[in-house]
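**Student:** Got entry-v8.cif for you, mmCIF, C-alpha atoms:
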```
data_structure
loop_
_atom_site.group_PDB
_atom_site.id
_atom_site.type_symbol
_atom_site.label_atom_id
_atom_site.label_comp_id
_atom_site.auth_asym_id
_atom_site.auth_seq_id
_atom_site.Cartn_x
_atom_site.Cartn_y
_atom_site.Cartn_z
ATOM 1 C CA MET A 27 6.614 18.622 -22.737
ATOM 2 C CA PRO A 28 5.893 16.770 -19.443
ATOM 3 C CA VAL A 29 8.375 14.179 -18.219
ATOM 4 C CA GLU A 30 7.209 11.112 -16.288
ATOM 5 C CA THR A 31 9.501 9.356 -13.820
ATOM 6 C CA THR A 32 8.802 5.951 -12.286
ATOM 7 C CA ARG A 33 10.424 4.926 -9.021
ATOM 8 C CA LYS A 34 10.309 1.548 -7.266
ATOM 9 C CA TYR A 35 11.887 0.460 -4.015
ATOM 10 C CA VAL A 36 11.529 -1.963 -1.124
ATOM 11 C CA ASN A 37 11.331 -0.635 2.431
ATOM 12 C CA GLN A 38 12.390 -3.474 4.745
ATOM 13 C CA LEU A 39 10.475 -2.948 8.009
ATOM 14 C CA SER A 40 11.762 -6.114 9.696
ATOM 15 C CA PRO A 41 13.241 -9.420 8.516
ATOM 16 C CA ARG A 42 9.707 -10.630 7.732
ATOM 17 C CA ASP A 43 7.886 -7.393 6.858
ATOM 18 C CA ARG A 44 8.367 -5.122 3.872
ATOM 19 C CA LEU A 45 6.721 -2.429 1.812
ATOM 20 C CA LEU A 46 6.858 -2.572 -1.972
ATOM 21 C CA VAL A 47 6.586 1.041 -3.122
ATOM 22 C CA ARG A 48 6.028 2.274 -6.668
ATOM 23 C CA PHE A 49 5.095 5.736 -7.861
ATOM 24 C CA VAL A 50 5.028 7.797 -11.028
ATOM 25 C CA ASN A 51 5.606 11.557 -11.046
ATOM 26 C CA ARG A 52 4.873 13.911 -13.924
ATOM 27 C CA ARG A 53 6.824 17.139 -14.156
ATOM 28 C CA ARG A 54 6.055 19.937 -16.542
ATOM 29 C CA PRO A 55 8.814 22.467 -17.252
ATOM 30 C CA GLY A 56 8.802 25.191 -14.636
ATOM 31 C CA SER A 57 6.452 23.392 -12.220
ATOM 32 C CA ILE A 58 6.684 20.974 -9.328
ATOM 33 C CA ALA A 59 6.237 17.243 -9.856
ATOM 34 C CA GLU A 60 2.735 15.802 -9.642
ATOM 35 C CA LEU A 61 2.091 12.289 -8.327
ATOM 36 C CA ILE A 62 -0.030 10.559 -10.966
ATOM 37 C CA ALA A 63 0.133 6.888 -9.957
ATOM 38 C CA PHE A 64 1.211 4.921 -6.892
ATOM 39 C CA SER A 65 1.003 1.651 -5.045
ATOM 40 C CA ILE A 66 2.220 0.657 -1.608
ATOM 41 C CA VAL A 67 1.972 -3.048 -0.838
ATOM 42 C CA TYR A 68 2.595 -4.362 2.672
ATOM 43 C CA ARG A 69 3.801 -7.972 2.603
ATOM 44 C CA SER A 70 4.727 -10.216 5.491
ATOM 45 C CA LYS A 71 6.360 -13.626 5.588
ATOM 46 C CA ILE A 72 3.944 -15.907 7.429
ATOM 47 C CA ASP A 73 4.418 -19.667 7.554
ATOM 48 C CA LYS A 74 7.314 -19.443 5.061
ATOM 49 C CA SER A 75 5.174 -17.645 2.432
ATOM 50 C CA TRP A 76 5.038 -13.958 1.520
ATOM 51 C CA ARG A 77 1.465 -12.715 1.903
ATOM 52 C CA THR A 78 -0.082 -9.398 0.915
ATOM 53 C CA LEU A 79 -1.788 -7.863 3.942
ATOM 54 C CA ARG A 80 -2.658 -4.398 2.657
ATOM 55 C CA ARG A 81 -2.365 -2.379 -0.539
ATOM 56 C CA TYR A 82 -2.852 1.335 -1.133
ATOM 57 C CA ASP A 83 -3.078 2.556 -4.723
ATOM 58 C CA ASN A 84 -4.809 4.856 -7.149
ATOM 59 C CA ALA A 85 -5.136 2.421 -10.035
ATOM 60 C CA HIS A 86 -8.420 2.759 -11.905
ATOM 61 C CA GLY A 87 -9.486 5.967 -10.181
ATOM 62 C CA PRO A 88 -9.174 7.723 -6.845
ATOM 63 C CA PRO A 89 -6.854 6.478 -4.086
ATOM 64 C CA HIS A 90 -8.120 3.524 -2.087
ATOM 65 C CA VAL A 91 -6.961 0.777 0.250
ATOM 66 C CA HIS A 92 -7.381 -2.989 -0.107
ATOM 67 C CA LEU A 93 -7.562 -4.823 3.230
ATOM 68 C CA TYR A 94 -6.798 -8.534 2.844
ATOM 69 C CA ASP A 95 -7.762 -11.265 5.269
ATOM 70 C CA TRP A 96 -6.402 -14.765 5.751
ATOM 71 C CA ASN A 97 -8.898 -16.311 3.357
ATOM 72 C CA GLY A 98 -7.786 -14.004 0.536
ATOM 73 C CA GLU A 99 -10.909 -11.897 0.676
ATOM 74 C CA THR A 100 -10.468 -8.178 0.335
ATOM 75 C CA SER A 101 -12.425 -5.096 1.205
ATOM 76 C CA ASN A 102 -11.783 -1.785 -0.529
ATOM 77 C CA THR A 103 -12.220 1.677 0.915
ATOM 78 C CA SER A 104 -11.978 4.921 -1.042
ATOM 79 C CA LEU A 105 -9.605 7.497 0.468
ATOM 80 C CA GLY A 106 -10.509 10.636 -1.462
ATOM 81 C CA THR A 107 -10.334 12.032 -4.969
ATOM 82 C CA GLN A 108 -7.550 11.723 -7.530
ATOM 83 C CA LYS A 109 -6.280 15.117 -6.326
ATOM 84 C CA ASP A 110 -5.713 13.563 -2.875
ATOM 85 C CA SER A 111 -3.236 10.979 -4.235
ATOM 86 C CA SER A 112 -0.090 12.680 -2.935
ATOM 87 C CA ARG A 113 -1.539 13.175 0.553
ATOM 88 C CA VAL A 114 -2.861 9.598 0.700
ATOM 89 C CA PHE A 115 0.477 8.207 -0.539
ATOM 90 C CA ASN A 116 2.453 10.021 2.177
ATOM 91 C CA GLN A 117 -0.026 9.205 4.949
ATOM 92 C CA ALA A 118 -0.243 5.537 3.964
ATOM 93 C CA LEU A 119 3.530 5.190 3.908
ATOM 94 C CA GLU A 120 3.879 6.711 7.370
ATOM 95 C CA GLU A 121 0.941 4.748 8.789
ATOM 96 C CA LEU A 122 2.356 1.427 7.606
ATOM 97 C CA LYS A 123 5.834 2.227 8.914
ATOM 98 C CA ARG A 124 4.352 2.987 12.356
ATOM 99 C CA ASN A 125 1.642 0.328 12.513
ATOM 100 C CA TYR A 126 2.730 -2.653 10.415
ATOM 101 C CA GLU A 127 2.824 -4.906 13.485
ATOM 102 C CA LYS A 128 -0.797 -4.043 14.289
ATOM 103 C CA VAL A 129 -1.804 -4.738 10.683
ATOM 104 C CA ARG A 130 -0.095 -8.144 10.912
ATOM 105 C CA GLU A 131 -1.925 -8.852 14.208
ATOM 106 C CA TRP A 132 -5.260 -8.022 12.562
ATOM 107 C CA TYR A 133 -4.413 -10.305 9.626
ATOM 108 C CA ASN A 134 -3.459 -13.162 11.962
ATOM 109 C CA ALA A 135 -6.687 -12.642 13.910
ATOM 110 C CA SER A 136 -8.584 -13.209 10.657
ATOM 111 C CA ARG A 137 -6.678 -16.490 10.307
ATOM 112 C CA ARG A 138 -7.925 -17.667 13.689
ATOM 113 C CA LYS A 139 -11.469 -16.753 12.664
ATOM 114 C CA TYR A 140 -11.269 -19.029 9.609
ATOM 115 C CA GLU A 141 -9.582 -21.860 11.515
ATOM 116 C CA GLN A 142 -12.407 -21.883 14.083
ATOM 117 C CA ARG A 143 -15.043 -22.588 11.431
#
```
Will you turn the file into structure tokens for me?
**Tutor:**
Amino acid sequence: MPVETTRKYVNQLSPRDRLLVRFVNRRRPGSIAELIAFSIVYRSKIDKSWRTLRRYDNAHGPPHVHLYDWNGETSNTSLGTQKDSSRVFNQALEELKRNYEKVREWYNASRRKYEQR
């Protein structure tokens, strides 16, 4: 009988940047664990409020990324098939750890775009 394990943790990148990580593994006796569900949410404290800047997940289908802008609009991009979930999870986690400051800069640039209107 397969056993599912859910894990959640916060990866503090800086005093104002953090990743909220959640994943579910399924393990069948005698086999390695399989990643069946995940989400990685990058949040940053901007103007005294926590804002979601980016989210990777495989809810409702294959893995994808949600890119948020200052106005709350989002664009979604597919990142492969359901079988790619483990690879996408690991790559997304590493990318955000390395590039979170650039993601925040992009988000703040979208703020300036809306303020100029």
**Student:** What would the selection look like, as a list in words, if the PyMOL selection byres ((chain A and resi 106) around 10) were run on the coordinates I just shared?
**Tutor:** Asn84, Gly87, Pro88, Pro89, His90, Thr103, Ser104, Leu105, Thr107, Gln108, Lys109, Asp110, Ser111, Arg113 and Val114 of chain A
**Student:** Using only C-alpha atoms for the distances, tell me which of A:Ala135, A:Leu46, A:Leu119, A:Val36 is nearest to A:Tyr94.
**Tutor:**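 Using only C-alpha atoms, the shortest distance to A:Tyr94 belongs to A:Ala135.
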**Student:** Using only C-alpha atoms - which residues lie no farther than 6 Å from the point (1.3, 10.5, -6.6) in the file's frame? Write them as a ChimeraX atom specification.
**Tutor:** /A:61-64,111-112
**Student:** Enter the distance from atom CA of A:Leu45 to atom CA of A:Arg138, in Å, rounded to one decimal.
**Tutor:**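 We find that atom CA of A:Leu45 and atom CA of A:Arg138 lie 24.2 Å from each other.
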**Student:** List as a ChimeraX atom specification: which residues have an atom within 10 Å of (2.8, 15.2, -11.4), counting only C-alpha atoms?
**Tutor:** /A:28-31,50-54,57-63,112
**Student:** Could those selected residues go to a file with C-alpha atoms, as a JSON list (two decimals), in the frame of the given file?
**Tutor:**
```json
[["chain", "number", "residue", "atom", "x", "y", "z"],
["A", 28, "PRO", "CA", 5.89, 16.77, -19.44],
["A", 29, "VAL", "CA", 8.38, 14.18, -18.22],
["A", 30, "GLU", "CA", 7.21, 11.11, -16.29],
["A", 31, "THR", "CA", 9.50, 9.36, -13.82],
["A", 50, "VAL", "CA", 5.03, 7.80, -11.03],
["A", 51, "ASN", "CA", 5.61, 11.56, -11.05],
["A", 52, "ARG", "CA", 4.87, 13.91, -13.92],
["A", 53, "ARG", "CA", 6.82, 17.14, -14.16],
["A", 54, "ARG", "CA", 6.06, 19.94, -16.54],
["A", 57, "SER", "CA", 6.45, 23.39, -12.22],
["A", 58, "ILE", "CA", 6.68, 20.97, -9.33],
["A", 59, "ALA", "CA", 6.24, 17.24, -9.86],
["A", 60, "GLU", "CA", 2.74, 15.80, -9.64],
["A", 61, "LEU", "CA", 2.09, 12.29, -8.33],
["A", 62, "ILE", "CA", -0.03, 10.56, -10.97],
["A", 63, "ALA", "CA", 0.13, 6.89, -9.96],
["A", 112, "SER", "CA", -0.09, 12.68, -2.94]]
```
**Student:** For A:Arg130, work out the shell of residues within 12 Å, counting all atoms listed in the file and skipping chain neighbours fewer than 2 positions away, then give it as a list in words.
**Tutor:**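 Here the answer would be Arg42, Asp43, Arg44, Tyr68, Arg69, Ser70, Lys71, Ile72, Arg77, Thr78, Leu79, Arg80, Leu93, Tyr94, Asp95, Trp96, Leu122, Asn125, Tyr126, Glu127, Lys128, Trp132, Tyr133, Asn134, Ala135, Ser136 and Arg137 of chain A.
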**Student:** Could those selected residues go to a file with C-alpha atoms, as a CSV table (one decimal), keeping the file's coordinate frame?
**Tutor:**
```csv
chain,number,residue,atom,x,y,z
A,42,ARG,CA,9.7,-10.6,7.7
A,43,ASP,CA,7.9,-7.4,6.9
A,44,ARG,CA,8.4,-5.1,3.9
A,68,TYR,CA,2.6,-4.4,2.7
A,69,ARG,CA,3.8,-8.0,2.6
A,70,SER,CA,4.7,-10.2,5.5
A,71,LYS,CA,6.4,-13.6,5.6
A,72,ILE,CA,3.9,-15.9,7.4
A,77,ARG,CA,1.5,-12.7,1.9
A,78,THR,CA,-0.1,-9.4,0.9
A,79,LEU,CA,-1.8,-7.9,3.9
A,80,ARG,CA,-2.7,-4.4,2.7
A,93,LEU,CA,-7.6,-4.8,3.2
A,94,TYR,CA,-6.8,-8.5,2.8
A,95,ASP,CA,-7.8,-11.3,5.3
A,96,TRP,CA,-6.4,-14.8,5.8
A,122,LEU,CA,2.4,1.4,7.6
A,125,ASN,CA,1.6,0.3,12.5
A,126,TYR,CA,2.7,-2.7,10.4
A,127,GLU,CA,2.8,-4.9,13.5
A,128,LYS,CA,-0.8,-4.0,14.3
A,132,TRP,CA,-5.3,-8.0,12.6
A,133,TYR,CA,-4.4,-10.3,9.6
A,134,ASN,CA,-3.5,-13.2,12.0
A,135,ALA,CA,-6.7,-12.6,13.9
A,136,SER,CA,-8.6,-13.2,10.7
A,137,ARG,CA,-6.7,-16.5,10.3
```
**Student:** Work out how far apart atom CA of A:Ser65 and atom CA of A:Arg33 are and give it in Å to one decimal.
**Tutor:**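 Interatomic distance, atom CA of A:Ser65 to atom CA of A:Arg33: 10.7 Å.
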**Student:** Here is a test: counting all atoms listed in the file, which residue of A:Lys123, A:Thr100, A:Val129, A:His92 is nearest to A:Ser40?
**Tutor:**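 The answer is A:Lys123, which sits nearest to A:Ser40.
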**Student:** In terms of the shortest atom-to-atom distance over only C-alpha atoms, which of A:Arg124, A:Lys74, A:Arg81, A:Lys139 is closest to A:Asn97?
**Tutor:**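 Comparing A:Arg124, A:Lys74, A:Arg81, A:Lys139 against A:Asn97, the winner is A:Lys139.
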**Student:** For atom CA of A:Leu39 and atom CA of A:Val67, determine how far apart the two atoms are, in Å to one decimal place.
**Tutor:** 12.3 Å
**Student:** Mind giving me the axis-aligned box for stretch 137-141 of chain A with 3 Å on every side, centre plus edges in Å to one decimal, as lines of an AutoDock Vina configuration file?
**Tutor:**
```
center_x = -9.1
center_y = -19.2
center_z = 11.6
size_x = 10.8
size_y = 11.4
size_z = 10.1
```
